[in-house]
2 protein chains.
Amino acid sequence: MSVNKNSKISELGLIEYCKNIFKTRNPCVFKGIGDDAAVVKIAKDKYLLSTCDMLIEDRHFTKRDNLYDVGYKAVSCSLSDIAAMGGEPKFLLLSLGIPKRFKFGDVDKLLKGVKKSAAKFGVDIIGGDTNSSDKLIIDVCMMGFAQKKNLAFRDGAKDRDYIFVTGSLGGSIYGRHLKFLPRVEEAKFLTDNFKINSMIDITDGLLLDLWRILKASGVGAVIFEKLLPRHKDAKNMEEVLYMGEDFELLFTVDKNTGDKLLDKVKQRKISFPLSFIGQIIKDDAKIWYVNKNNKLISLKPRGFVHF
Amino acid sequence: MSVNKNSKISELGLIEYCKNIFKTRNPCVFKGIGDDAAVVKIAKDKYLLSTCDMLIEDRHFTKRDNLYDVGYKAVSCSLSDIAAMGGEPKFLLLSLGIPKRFKFGDVDKLLKGVKKSAAKFGVDIIGGDTNSSDKLIIDVCMMGFAQKKNLAFRDGAKDRDYIFVTGSLGGSIYGRHLKFLPRVEEAKFLTDNFKINSMIDITDGLLLDLWRILKASGVGAVIFEKLLPRHKDAKNMEEVLYMGEDFELLFTVDKNTGDKLLDKVKQRKISFPLSFIGQIIKDDAKIWYVNKNNKLISLKPRGFVHF
């Protein structure tokens with residue numbers, strides 16, 4: 001592969017490039033770059049999940065945002081990643097770049113937010129690094145454990161799978177993105193009780209994250225506008241499809257499991273909102289959309305990108 | 001404890017504060033905040049070590065530094081932390097904040113440096129996060145494994161222990177700090193073959209890091225100027241004592257083990273430079289220094305601080 005050294009950087013291109021140059025060698029690496037978390041086998045039927053997520057001032061939050069909320073969000077994003085792999089989050093390391101303008105009270109607020117989200121799910125803060133910087137930087141490295149049967153990857157979606165999403169989508173950026181409850185318990189319930197073929201958390205918009213599953217699995221999807229759970233904060237369907245920072249679980253299961261899930265939803269035996277939104281088809285990472293006028297259109301997977 | 005919300009932030013104060021508010025609850029957490037790496041028991045006689053280290057442009061390196069060297073250093077710092085705990089580094093996650101001015105070739109150089117240091121010690125790069133930012137930010141989260149007998153902490157130094165240091169000290173900032181070889185193999189040799197009572201890697205200067213051992217262990221130390229291994233790059237003894245970024249191992253062993261080590265050094269059976277520099281005494285985190293005129297003076301533990 002030849003690479004133009006002067007070309008601009010795209011996030012997806014960079015991740016692909018890293019996958020290529022950073023081949024893993026340890027046989028216990030079960031899943032490296034390219035999913036919500038890395039998976040390493042550490043004992044008989046015990047897997048270590050690890051993921052990191054960096055938030056930077058003026059990029060992921062602003063100076064005006066409440067620092068407690070920012071700390072809370074930093075941890076919650078990573079909790080969501082571990083959950084989306086079918087893992088139970090356990091520990092985190094916290095790297096901070098702290099602006100010179102900060103007083104002790106500012107850091108304290110941030111730390112209290114970090115603690116709140118971690119404590120809610122029994123996660124211990126076991127280490128970290130502190131530095132001074134111009135802008136506030138928070139990098140959370142979250143670790144957790146999983147049994148093999150609970151692991152869920154992006155690349156397991158199969159032809160005819162049902163597609164589900166938890167909660168409702170869109171308009172997160174108007175405030176919810178700082179205060180969401182990561183779907184840790186929901187993911188545990190789902191992976192404990194059902195065979196989940198593929199799963200991801202929606203960080204960059206339904207369409208982009210669905211496309212990630214499709215691309216990794218080598219399949220396509222049809223989704224239905226009228227089945228999409230629109231959040232009351234969403235101003236329009238664009239926001240439901242593309243806005244991102246919903247931190248809901250998007251997953252696929254085979255038809256049998258899907259029917260069982262739908263039964264349970266009907267019988268109100270599932271304690272959280274869960275919507276069937278479409279089906280996996282034989283196709284190459286293409287998303288087909290049946291709009292409210294029952295017209296089939298092809299949608300492109302744009303969404304929040306980090307560059 | 002009452003805290004003044006308007007007070008300035010000191011690194012040591014912040015870490016102490018974090019230790020206090022982030023009490024750990026999981027019984028498998030063997031060592032949380034306050035050492036070179038966190039230690040979690042993951043199986044019978046198998047411990048997971050994890051640590052993160054954030055480097056920020058204009059703080060830890062400059063725009064003029066070679067990006068390959070910067071990537072190499074980011075990984076080597078964390079390797080050094082795992083080594084100093086008696087662990088074998090295995091995997092890392094890489095979080096990047098990439099400046100908009102960067103072309104693909106710039107990121108490529110950085111990644112090649114990351115890869116070089118990781119590959120040298122068989123460490124796999126299993127995941128990460130990429131973002132755009134104003135200044136280059138690199139946060140490496142390194143994980144490794146250790147058996148119980150190899151674990152070495154800061155708080156295990158005992159009265160009458162011999163104090164040793166690998167390599168030579170001072171003047172690192174003139175170039176060596178970007179190209180050092182982390183003492184991974186040396187740490188493995190030492191912890192495999194000798195009972196190490198306490199260990200740390202010298203990042204912030206001999207005196208500050210020695211003080212960290214003393215403070216954690218509740219002891220004091222006498223060190224001898226004429227025994228200190230001065231690097232040829234060091235302009236004076238100040239730099240040997242305070243400059244930091246040496247990334248050498250500083251450790252203590254009981255008298256018997258110390259005598260064995262000294263024998264081996266004399267017989268040239270140790271393949272790396274190792275110096276006996278002094279002894280642990282009953283005292284409270286105080287450092288006594290015998291200078292070249294044989295005068296005993298008390299030294300304060302200043303060194304590089306991150307705020």
# chains A, B, ... in the order shown; residues from 1 in each chain; ligands from 1
>>> interface_residues(of="chain A", to="chain B", cutoff="6 Å", atoms="only C-alpha atoms", output="list in words")
Lys5, Asn6, Ser7, Lys8, Ile9, Thr24, Gly32, Ile33, Ala38, Cys52, Asp53, Lys103, Phe104, Gly105, Asp124, Ile126, Gly127, Gly128, Asp129, Asn131, Ser132, His306 and Phe307 of chain A
>>> residues_around(residues="region 282-284 of chain B", least_positions_apart="5", cutoff="10 Å", atoms="only C-alpha atoms", output="PyMOL selection string")
chain B and resi 158-160+211+214-221
>>> select_by_dssp(residues="region 102-166 of chain A", states="helix (DSSP H, G or I)", output="count of residues only")
23
>>> residues_around(residues="Tyr162 (chain A)", least_positions_apart="5", cutoff="12 Å", atoms="only C-alpha atoms", output="number ranges by chain")
A: 157, 196-199, 220-223, 250-262, 275-281
>>> write_last_selection(atoms="C-alpha atoms", output="mmCIF file, in the first residue's frame")
data_model
loop_
_atom_site.group_PDB
_atom_site.id
_atom_site.type_symbol
_atom_site.label_atom_id
_atom_site.label_comp_id
_atom_site.auth_asym_id
_atom_site.auth_seq_id
_atom_site.Cartn_x
_atom_site.Cartn_y
_atom_site.Cartn_z
ATOM 1 C CA ALA A 157 -24.046 -9.328 12.028
ATOM 2 C CA ILE A 196 -26.198 -11.058 20.462
ATOM 3 C CA ASN A 197 -24.644 -11.380 17.007
ATOM 4 C CA SER A 198 -23.216 -7.853 16.802
ATOM 5 C CA MET A 199 -23.323 -4.725 18.943
ATOM 6 C CA GLY A 220 -26.240 -4.443 4.405
ATOM 7 C CA ALA A 221 -29.366 -3.236 6.208
ATOM 8 C CA VAL A 222 -32.879 -2.002 5.664
ATOM 9 C CA ILE A 223 -34.245 0.292 8.369
ATOM 10 C CA LEU A 250 -27.408 -0.831 18.507
ATOM 11 C CA PHE A 251 -27.354 -4.612 18.055
ATOM 12 C CA THR A 252 -28.424 -7.474 15.873
ATOM 13 C CA VAL A 253 -29.739 -10.944 16.728
ATOM 14 C CA ASP A 254 -30.922 -13.849 14.605
ATOM 15 C CA LYS A 255 -34.619 -14.145 13.694
ATOM 16 C CA ASN A 256 -35.518 -16.584 16.505
ATOM 17 C CA THR A 257 -33.885 -14.462 19.176
ATOM 18 C CA GLY A 258 -35.416 -11.358 17.621
ATOM 19 C CA ASP A 259 -38.911 -12.839 17.829
ATOM 20 C CA LYS A 260 -38.323 -13.781 21.463
ATOM 21 C CA LEU A 261 -37.161 -10.243 22.214
ATOM 22 C CA LEU A 262 -40.204 -8.764 20.471
ATOM 23 C CA SER A 275 -37.079 -0.904 19.400
ATOM 24 C CA PHE A 276 -36.916 -3.182 16.418
ATOM 25 C CA ILE A 277 -35.797 -0.887 13.588
ATOM 26 C CA GLY A 278 -35.014 -3.120 10.607
ATOM 27 C CA GLN A 279 -33.196 -6.111 9.247
ATOM 28 C CA ILE A 280 -29.796 -7.162 7.979
ATOM 29 C CA ILE A 281 -29.652 -8.088 4.283
#
>>> select_by_dssp(residues="region 55-246 of chain A", states="strand (DSSP E or B)", output="PyMOL selection string")
chain A and resi 55-57+61+88-99+124-133+137-146+162-166+169+198-201+220-224+230
>>> residues_around(residues="region 172-178 of chain B", least_positions_apart="6", cutoff="7 Å", atoms="only C-alpha atoms", output="PyMOL selection string")
chain B and resi 69-70+73+245-246
>>> atom_distance(atom1="CA of Phe224 (chain B)", atom2="CA of Lys292 (chain B)")
7.9 Å
>>> atom_distance(atom1="CA of Tyr68 (chain B)", atom2="CA of Phe247 (chain B)")
18.7 Å
